[in-house]
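What follows is one structure encoded as structure tokens, with my remarks underneath.
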Amino acid sequence: MAHITKRKQIFLYVAPFPALALFKVWASWGLLLPGAAAMLAYCGFILFLAHRWDRPSYLDWAATAYFALATASLIAWPEAAGPIFTDFAVTGIYLCLFCAAFVPPLLGMAPFTHHYARKYTPPAVWNHPIFLRINLLMTHAWAGLFLLCVLLSLYPSVVTRALIPLGMILGVGLPFNLRFPDYYLRRLGLPPLAEQNRALGKGASQRPETPAAISPQPQAGSGQDRTSGRAKEAVMKVLAINSSPRGDGMSKTEMMLTALVKGMRDAGAHVEVVNLRQKSVRFCIGCYTCWTKTPGLCVHKDDMSQEIFPRWLEADVAVYATPLYHYTMNAAMKAVIERTLPALQPFFERRDGRTHHPVRHSPPKVVVLSVAGFPEMSVFDQLSQYVNFIFRKGLLAEIYRPAAELLAQGPYEKQRNEMLAAVEIAGGEIVHSSAVSQETLERITFPLGDPESFAKVGDLMWKTCIREGITPKEFRERGMVPRPDSVESFMLILPMGFDPHAAGDLSATIQFIFSGEVQGTCHFLIADGRMEAKPGPSAKPDLLIESPFEVWMDIMTGRADGQQMFMQQKYTIAGDLSLLLRMQALFGKK
Ligand SMILES: Cc1cc2nc3c(=O)[nH]c(=O)nc-3n(C[C@H](O)[C@H](O)[C@H](O)COP(=O)(O)O)c2cc1C
């Protein structure tokens with residue numbers, strides 16, 4: 001870009017405004033069409049000059065488009081367009097400003113204020129995500145202000161059309177513009193803009209890709225710990241990314257992450273949570289634009305480049321919370337990790353016998369959290385190997401929970417709550433000591449029964465879903481229980497629904513004799529708030545239930561009403577009738 005003198009610069013800044021104001025004058029003289037055409041020619045000339053000297057601003061383009069539209073509509077429909085442009089010439093000015101601020105970010109273009117901010121900053125920071133984010137936020141603020149001006153100007157009075165809008169622009173907009181960048185930088189613990197300019201101005205040309213001043217973190221390999229490397233900021237900044245596609249309280253990843261985040265916040269960390277299911281993150285397309293044409297900046301304009309990546313750069317710790325899919329992180333999380341490529345430089349570096357890309361911005365430390373359906377801890381082996389390989393010393397902790405789906409079921413409430421309490425403690429430990437203790441990890445990963453029973457219960461759950469034609473979510477919403485298909489699986493499932501609170505100090509034995517397709521006898525001993533299943537008959541049952549197996553399974557899974565079935569003599573009982581009446585409370589089911 002050609003060098004431009006200060007005078008020319010100021011001229012270009014203010015050049016579109018006389019056109020917008022003069023049009024109002026022409027309109028008041030009744031010379032709308034000549035006025036619009038003259039202003040179109042004037043704006044075309046400004047565009048030409050801006051191209052020659054520097055580059056046109058969005059306002060230049062918006063004003064030109066406005067007068068092109070005005071000229072064309074005044075020629076095509078003079079009757080209709082005339083009164084509109086006469087009465088709302090001032091609104092047109094604010095509309096141009098609003099469009100110049102509002103539209104470009106929607107099209108993935110640089111924010112409105114970026115054009116002006118570039119004049120006061122060295123090129124080293126122009127593509128930096130923090131610089132872009134500051135400008136995006138300021139642009140949103142300006143767009144809001146201009147929209148307010150548009151609305152006010154619809155009311156025909158000098159107060160609403162000129163005094164209040166000008167007062168807002170000069171009294172609110174400009175002071176905000178002057179103070180916001182430093183405020184934002186201060187929040188990140190970074191030096192103010194003037195200091196950055198001084199630091200970068202000197203050597204900007206030698207290091208255009210490494211705006212070190214705007215990036216306070218030490219580079220990898222410097223020996224400093226990023227989690228304690230902030231000079232001004234004592235508070236740990238955490239970005240927690242949740243890649244589970246499930247919402248509605250179904251996600252076990254979210255359940256775990258919520259506890260971890262609570263622990264971190266209670267310990268004083270500043271934690272931001274990003275749910276990828278609400279974001280648009282495109283796949284890396286391997287174009288290497290972020291390494292060549294726009295160093296450090298991805299070619300995509302989506303939530304990753306505009307929101308997640310800048311926040312990731314600002315964070316001390318990134319929590320990657322992912323469900324285990326096909327024995328590793330899910331695709332949504334992998335896409336995010338791949339899209340951090342702009343944080344690396346293209347060159348090859350040999351370290352510890354391995355080839356690396358050097359970092360452009362040092363990455364945050366990492367905590368990996370994952371949940372799995374299967375019960376064995378070994379299901380996380382591949383994920384663990386991968387994250388240890390790529391994050392190496394940056395990996396602070398791995399938190400894995402197998403059998404997470406089962407643990408989320410009602411009967412495991414106690415174990416679940418204990419596990420979540422331990423996850424919360426893990427969050428605190430990460431903030432205080434950048435690690436999770438072995439003791440806490442053991443309280444999170446404990447086995448949930450034996451894997452054989454796990455498989456049987458899991459199979460029954462799926463069979464029930466298939467039989468009823470429902471998804472697991474609907475299964476849960478309807479408060480269903482897996483439908484046993486044998487006396488053995490009945491002995492496994494029934495105690496899962498047992499409510500020790502409802503049992504209190506009850507001591508009793510309930511025996512079942514099943515007939516029909518599935519035949520057999522079993523009994524359950526209830527004592528000390530526990531329930532134990534036993535095969536075969538009991539010597540002295542308090543309650544004896546004789547029923548076709550399928551009838552009792554219908555009652556147990558809520559398909560049939562226990563009382564109605566009793567009235568219709570579908571099953572019979574002997575012994576303590578009050579125990580039968582208590583069964584609904586004891587198992588939470590009719
Ligand atoms: C596509 C897909 C692949 C899965 N792969 C595995 C797996 O390899 N191992 C496992 O134990 N669970 C696997 N699961 C089960 C999930 O890990 C489990 O349902 C977990 O609770 C999902 O997390 P969420 O509840 O946060 O969505 C898979 C689930 C899906 C949908």
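Labels for the structure tokens follow display order: chains A, B, ..., residues from 1 in each chain, ligands from 1.
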
Excluding A:Leu544 and its own-chain neighbours fewer than 3 positions away, which residues fall within 10 Å of it when counting only C-alpha atoms? Please give them as an mmCIF file with N, CA and C atoms, in the first residue's frame.
```
data_model
loop_
_atom_site.group_PDB
_atom_site.id
_atom_site.type_symbol
_atom_site.label_atom_id
_atom_site.label_comp_id
_atom_site.auth_asym_id
_atom_site.auth_seq_id
_atom_site.Cartn_x
_atom_site.Cartn_y
_atom_site.Cartn_z
ATOM 1 N N THR A 509 -39.435 -60.341 53.177
ATOM 2 C CA THR A 509 -39.010 -61.184 52.049
ATOM 3 C C THR A 509 -40.178 -61.284 51.059
ATOM 4 N N ILE A 510 -39.880 -60.973 49.796
ATOM 5 C CA ILE A 510 -40.916 -61.045 48.760
ATOM 6 C C ILE A 510 -40.510 -62.144 47.782
ATOM 7 N N GLN A 511 -41.425 -63.038 47.519
ATOM 8 C CA GLN A 511 -41.093 -64.162 46.615
ATOM 9 C C GLN A 511 -41.977 -64.120 45.366
ATOM 10 N N PHE A 512 -41.385 -64.466 44.224
ATOM 11 C CA PHE A 512 -42.139 -64.509 42.956
ATOM 12 C C PHE A 512 -42.100 -65.934 42.409
ATOM 13 N N ILE A 513 -43.251 -66.387 41.963
ATOM 14 C CA ILE A 513 -43.283 -67.657 41.217
ATOM 15 C C ILE A 513 -43.853 -67.314 39.840
ATOM 16 N N HIS A 523 -36.554 -64.891 45.095
ATOM 17 C CA HIS A 523 -37.066 -64.057 46.188
ATOM 18 C C HIS A 523 -36.065 -62.939 46.506
ATOM 19 N N PRO A 537 -36.945 -70.612 45.971
ATOM 20 C CA PRO A 537 -37.938 -70.174 46.972
ATOM 21 C C PRO A 537 -37.292 -69.797 48.298
ATOM 22 N N SER A 538 -38.023 -69.021 49.100
ATOM 23 C CA SER A 538 -37.586 -68.663 50.447
ATOM 24 C C SER A 538 -38.296 -69.594 51.425
ATOM 25 N N LYS A 540 -39.564 -68.746 54.286
ATOM 26 C CA LYS A 540 -40.746 -68.118 54.915
ATOM 27 C C LYS A 540 -40.973 -66.726 54.300
ATOM 28 N N PRO A 541 -41.550 -66.645 53.096
ATOM 29 C CA PRO A 541 -41.775 -65.328 52.485
ATOM 30 C C PRO A 541 -42.906 -64.572 53.203
ATOM 31 N N SER A 547 -47.446 -65.125 39.241
ATOM 32 C CA SER A 547 -47.886 -64.355 38.067
ATOM 33 C C SER A 547 -47.265 -64.920 36.793
ATOM 34 N N THR A 572 -51.867 -63.577 41.450
ATOM 35 C CA THR A 572 -52.423 -63.782 42.798
ATOM 36 C C THR A 572 -51.345 -63.523 43.835
ATOM 37 N N ILE A 573 -51.815 -63.216 45.036
ATOM 38 C CA ILE A 573 -50.834 -63.015 46.103
ATOM 39 C C ILE A 573 -51.252 -63.802 47.355
ATOM 40 N N ALA A 574 -50.256 -64.035 48.182
ATOM 41 C CA ALA A 574 -50.534 -64.651 49.480
ATOM 42 C C ALA A 574 -49.628 -63.966 50.493
ATOM 43 N N GLY A 575 -50.126 -63.778 51.685
ATOM 44 C CA GLY A 575 -49.299 -63.166 52.730
ATOM 45 C C GLY A 575 -49.691 -61.712 52.991
ATOM 46 N N ASP A 576 -48.688 -60.888 53.240
ATOM 47 C CA ASP A 576 -48.888 -59.509 53.711
ATOM 48 C C ASP A 576 -49.295 -58.570 52.555
ATOM 49 N N LEU A 577 -50.617 -58.271 52.481
ATOM 50 C CA LEU A 577 -51.121 -57.420 51.386
ATOM 51 C C LEU A 577 -50.542 -56.007 51.452
ATOM 52 N N LEU A 580 -47.625 -55.478 49.312
ATOM 53 C CA LEU A 580 -47.940 -55.276 47.888
ATOM 54 C C LEU A 580 -48.267 -53.802 47.633
#
```

So which residues touch stretch 151-157 of chain A within 10 Å, counting only C-alpha atoms, skipping near sequence neighbours fewer than 2 positions away, as a PyMOL selection string?
chain A and resi 87-95+146-149+159-165

To check your reading of the model: which residues sit at most 7 Å from ligand 1 when counting only C-alpha atoms and all ligand atoms? Write the answer as an MDAnalysis selection string.
chainID A and resid 244:246 250:254 322:328 371:375 379 402 404:405

Could you give me, as an MDAnalysis selection string, the residues within 12 Å of A:Leu344, counting only C-alpha atoms and dropping anything in the same chain fewer than 4 positions from it?
chainID A and resid 209:210 219:220 288 290:292 295:298 313 337:340 348:349 356:363

Once you have the residues from the selection above, write them out as an mmCIF file, in the first residue's frame, restricted to C-alpha atoms.
```cif
data_model
loop_
_atom_site.group_PDB
_atom_site.id
_atom_site.type_symbol
_atom_site.label_atom_id
_atom_site.label_comp_id
_atom_site.auth_asym_id
_atom_site.auth_seq_id
_atom_site.Cartn_x
_atom_site.Cartn_y
_atom_site.Cartn_z
ATOM 1 C CA GLU A 209 4.152 -12.505 12.289
ATOM 2 C CA THR A 210 4.852 -12.383 15.999
ATOM 3 C CA GLN A 219 6.694 -19.047 23.778
ATOM 4 C CA ALA A 220 6.829 -22.820 24.205
ATOM 5 C CA TYR A 288 -2.189 -23.202 4.471
ATOM 6 C CA CYS A 290 -2.906 -19.206 7.704
ATOM 7 C CA TRP A 291 0.804 -19.965 7.196
ATOM 8 C CA THR A 292 1.403 -17.975 4.031
ATOM 9 C CA PRO A 295 -0.041 -15.589 8.874
ATOM 10 C CA GLY A 296 -1.901 -16.600 12.022
ATOM 11 C CA LEU A 297 -5.318 -16.077 10.485
ATOM 12 C CA CYS A 298 -7.617 -18.796 9.136
ATOM 13 C CA LEU A 313 -5.427 -17.717 22.498
ATOM 14 C CA ILE A 337 -8.076 -28.895 17.405
ATOM 15 C CA GLU A 338 -7.222 -28.979 13.697
ATOM 16 C CA ARG A 339 -8.381 -25.377 13.360
ATOM 17 C CA THR A 340 -5.736 -24.236 15.867
ATOM 18 C CA PHE A 348 10.350 -27.506 10.702
ATOM 19 C CA GLU A 349 12.099 -27.715 14.019
ATOM 20 C CA HIS A 356 7.847 -30.074 15.127
ATOM 21 C CA HIS A 357 6.325 -26.899 13.823
ATOM 22 C CA PRO A 358 7.351 -23.976 16.034
ATOM 23 C CA VAL A 359 4.522 -22.098 17.705
ATOM 24 C CA ARG A 360 3.434 -18.652 16.573
ATOM 25 C CA HIS A 361 1.326 -18.078 19.709
ATOM 26 C CA SER A 362 1.967 -20.313 22.688
ATOM 27 C CA PRO A 363 -1.097 -22.505 23.218
#
```

Taking the chain letters and numbering used in this document, name the residues of stretch 58-293 of chain A that DSSP puts in helix (DSSP H, G or I), as a ChimeraX atom specification.
/A:58-76,78-87,89-106,112-120,123-125,129-153,158-187,193-203,226-228,252-266,276-278,289-291

List as a short mmCIF file (atom, residue, chain, number, x, y, z; two decimals) with N, CA, C and O atoms, in the first residue's frame the protein and nucleic acid residues near stretch 46-50 of chain A, meaning an atom at most 12 Å away when only C-alpha atoms are counted, but skip any in the same chain fewer than 3 places from it.
```
data_model
loop_
_atom_site.label_atom_id
_atom_site.label_comp_id
_atom_site.auth_asym_id
_atom_site.auth_seq_id
_atom_site.Cartn_x
_atom_site.Cartn_y
_atom_site.Cartn_z
N MET A 1 0.84 -1.20 0.00
CA MET A 1 0.00 0.00 0.00
C MET A 1 0.88 1.25 0.00
O MET A 1 1.87 1.30 0.71
N ALA A 2 0.47 2.23 -0.79
CA ALA A 2 1.28 3.45 -0.89
C ALA A 2 1.24 4.23 0.42
O ALA A 2 0.28 4.15 1.16
N ILE A 4 0.68 7.32 2.71
CA ILE A 4 -0.33 8.39 2.58
C ILE A 4 -0.05 9.45 3.64
O ILE A 4 0.23 9.12 4.80
N LYS A 8 -4.04 13.86 3.54
CA LYS A 8 -4.87 13.04 2.65
C LYS A 8 -5.73 12.07 3.47
O LYS A 8 -6.89 11.82 3.15
N GLN A 9 -5.10 11.56 4.52
CA GLN A 9 -5.81 10.62 5.38
C GLN A 9 -7.06 11.26 5.98
O GLN A 9 -8.16 10.70 5.92
N ILE A 10 -6.87 12.46 6.54
CA ILE A 10 -8.00 13.16 7.17
C ILE A 10 -9.06 13.47 6.11
O ILE A 10 -10.26 13.30 6.33
N PHE A 11 -8.59 13.88 4.91
CA PHE A 11 -9.53 14.18 3.84
C PHE A 11 -10.39 12.94 3.54
O PHE A 11 -11.61 13.01 3.43
N LEU A 12 -9.73 11.79 3.44
CA LEU A 12 -10.48 10.56 3.10
C LEU A 12 -11.46 10.19 4.21
O LEU A 12 -12.55 9.69 3.94
N TYR A 13 -11.06 10.41 5.46
CA TYR A 13 -11.96 10.11 6.58
C TYR A 13 -13.27 10.88 6.46
O TYR A 13 -14.35 10.34 6.65
N VAL A 14 -13.12 12.19 6.19
CA VAL A 14 -14.32 13.04 6.26
C VAL A 14 -15.04 13.16 4.92
O VAL A 14 -16.18 13.63 4.85
N ALA A 15 -14.39 12.72 3.83
CA ALA A 15 -14.93 12.97 2.49
C ALA A 15 -16.37 12.53 2.26
O ALA A 15 -17.13 13.25 1.61
N PRO A 16 -16.81 11.36 2.76
CA PRO A 16 -18.19 10.97 2.45
C PRO A 16 -19.24 11.85 3.14
O PRO A 16 -20.36 11.97 2.64
N PHE A 17 -18.89 12.48 4.26
CA PHE A 17 -19.90 13.21 5.03
C PHE A 17 -20.48 14.42 4.30
O PHE A 17 -21.70 14.61 4.32
N PRO A 18 -19.64 15.28 3.63
CA PRO A 18 -20.25 16.40 2.92
C PRO A 18 -21.26 15.92 1.89
O PRO A 18 -22.31 16.56 1.70
N ALA A 19 -20.98 14.81 1.23
CA ALA A 19 -21.93 14.32 0.21
C ALA A 19 -23.26 14.01 0.85
O ALA A 19 -24.33 14.42 0.36
N MET A 39 -23.90 13.91 -6.31
CA MET A 39 -23.26 13.26 -5.16
C MET A 39 -22.72 11.88 -5.54
O MET A 39 -21.71 11.42 -5.01
N LEU A 40 -23.41 11.23 -6.49
CA LEU A 40 -22.91 9.94 -6.98
C LEU A 40 -21.55 10.15 -7.67
O LEU A 40 -20.59 9.39 -7.43
N ALA A 41 -21.50 11.22 -8.49
CA ALA A 41 -20.23 11.51 -9.18
C ALA A 41 -19.14 11.84 -8.16
O ALA A 41 -18.00 11.37 -8.27
N TYR A 42 -19.53 12.61 -7.13
CA TYR A 42 -18.57 13.00 -6.10
C TYR A 42 -18.04 11.75 -5.37
O TYR A 42 -16.83 11.57 -5.19
N CYS A 43 -18.97 10.86 -5.00
CA CYS A 43 -18.55 9.66 -4.28
C CYS A 43 -17.68 8.77 -5.15
O CYS A 43 -16.73 8.13 -4.67
N TRP A 53 -4.76 6.42 -3.17
CA TRP A 53 -3.94 6.81 -2.01
C TRP A 53 -3.85 5.70 -0.96
O TRP A 53 -2.85 5.55 -0.29
N ASP A 54 -4.96 5.00 -0.76
CA ASP A 54 -5.02 4.05 0.35
C ASP A 54 -5.94 2.90 -0.04
O ASP A 54 -5.61 2.13 -0.92
N ARG A 55 -7.07 2.83 0.58
CA ARG A 55 -8.11 1.88 0.18
C ARG A 55 -9.46 2.45 0.66
O ARG A 55 -9.52 3.09 1.73
N PRO A 56 -10.52 2.28 -0.13
CA PRO A 56 -11.81 2.88 0.26
C PRO A 56 -12.33 2.26 1.56
O PRO A 56 -12.08 1.09 1.84
N SER A 57 -13.03 3.08 2.34
CA SER A 57 -13.65 2.56 3.56
C SER A 57 -15.03 2.03 3.20
O SER A 57 -15.56 2.31 2.12
N TYR A 58 -15.62 1.27 4.14
CA TYR A 58 -16.97 0.78 3.89
C TYR A 58 -17.94 1.94 3.73
O TYR A 58 -18.93 1.86 3.01
N LEU A 59 -17.65 3.05 4.43
CA LEU A 59 -18.55 4.20 4.33
C LEU A 59 -18.51 4.78 2.92
O LEU A 59 -19.54 5.20 2.37
N ASP A 60 -17.32 4.80 2.30
CA ASP A 60 -17.21 5.26 0.90
C ASP A 60 -18.13 4.43 0.01
O ASP A 60 -18.88 4.95 -0.82
N TRP A 61 -18.04 3.12 0.21
CA TRP A 61 -18.87 2.22 -0.63
C TRP A 61 -20.35 2.41 -0.32
O TRP A 61 -21.18 2.45 -1.23
N ALA A 62 -20.67 2.53 0.98
CA ALA A 62 -22.09 2.66 1.36
C ALA A 62 -22.67 3.94 0.79
O ALA A 62 -23.79 3.95 0.26
N ALA A 63 -21.93 5.06 0.87
CA ALA A 63 -22.43 6.34 0.35
C ALA A 63 -22.60 6.26 -1.16
O ALA A 63 -23.62 6.73 -1.71
N THR A 64 -21.64 5.64 -1.85
CA THR A 64 -21.75 5.51 -3.31
C THR A 64 -22.99 4.68 -3.67
O THR A 64 -23.76 5.05 -4.57
N ALA A 65 -23.15 3.56 -2.95
CA ALA A 65 -24.31 2.70 -3.24
C ALA A 65 -25.61 3.45 -2.98
O ALA A 65 -26.58 3.34 -3.74
#
```

Env of stretch 128-135 of chain A: 7 Å cut, atoms = only C-alpha atoms, seq-sep filter 5 positions within chain, self excluded. Answer as a list in words.
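So, after excluding close chain neighbours, the residues are Pro111, Thr113, His114, Pro181 and Pro310 of chain A.
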
Can those selected residues be exported to a file as an mmCIF file, in the first residue's frame so that it contains C-alpha atoms?
```
data_model
loop_
_atom_site.group_PDB
_atom_site.id
_atom_site.type_symbol
_atom_site.label_atom_id
_atom_site.label_comp_id
_atom_site.auth_asym_id
_atom_site.auth_seq_id
_atom_site.Cartn_x
_atom_site.Cartn_y
_atom_site.Cartn_z
ATOM 1 C CA PRO A 111 -15.036 -5.091 10.978
ATOM 2 C CA THR A 113 -13.503 0.026 12.736
ATOM 3 C CA HIS A 114 -10.632 -2.147 11.464
ATOM 4 C CA PRO A 181 -9.304 -1.098 23.304
ATOM 5 C CA PRO A 310 -9.356 -15.680 19.878
#
```

Please compute the atom CA of A:Asp554-atom CA of A:Arg478 distance, one decimal, in Å.
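Computed distance, atom CA of A:Asp554 to atom CA of A:Arg478, equals 14.7 Å.
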
Rounded to one decimal in Å, what is the spacing between atom CA of A:Pro451 and atom CA of A:Phe587?
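Those two atoms sit 24.0 Å apart.
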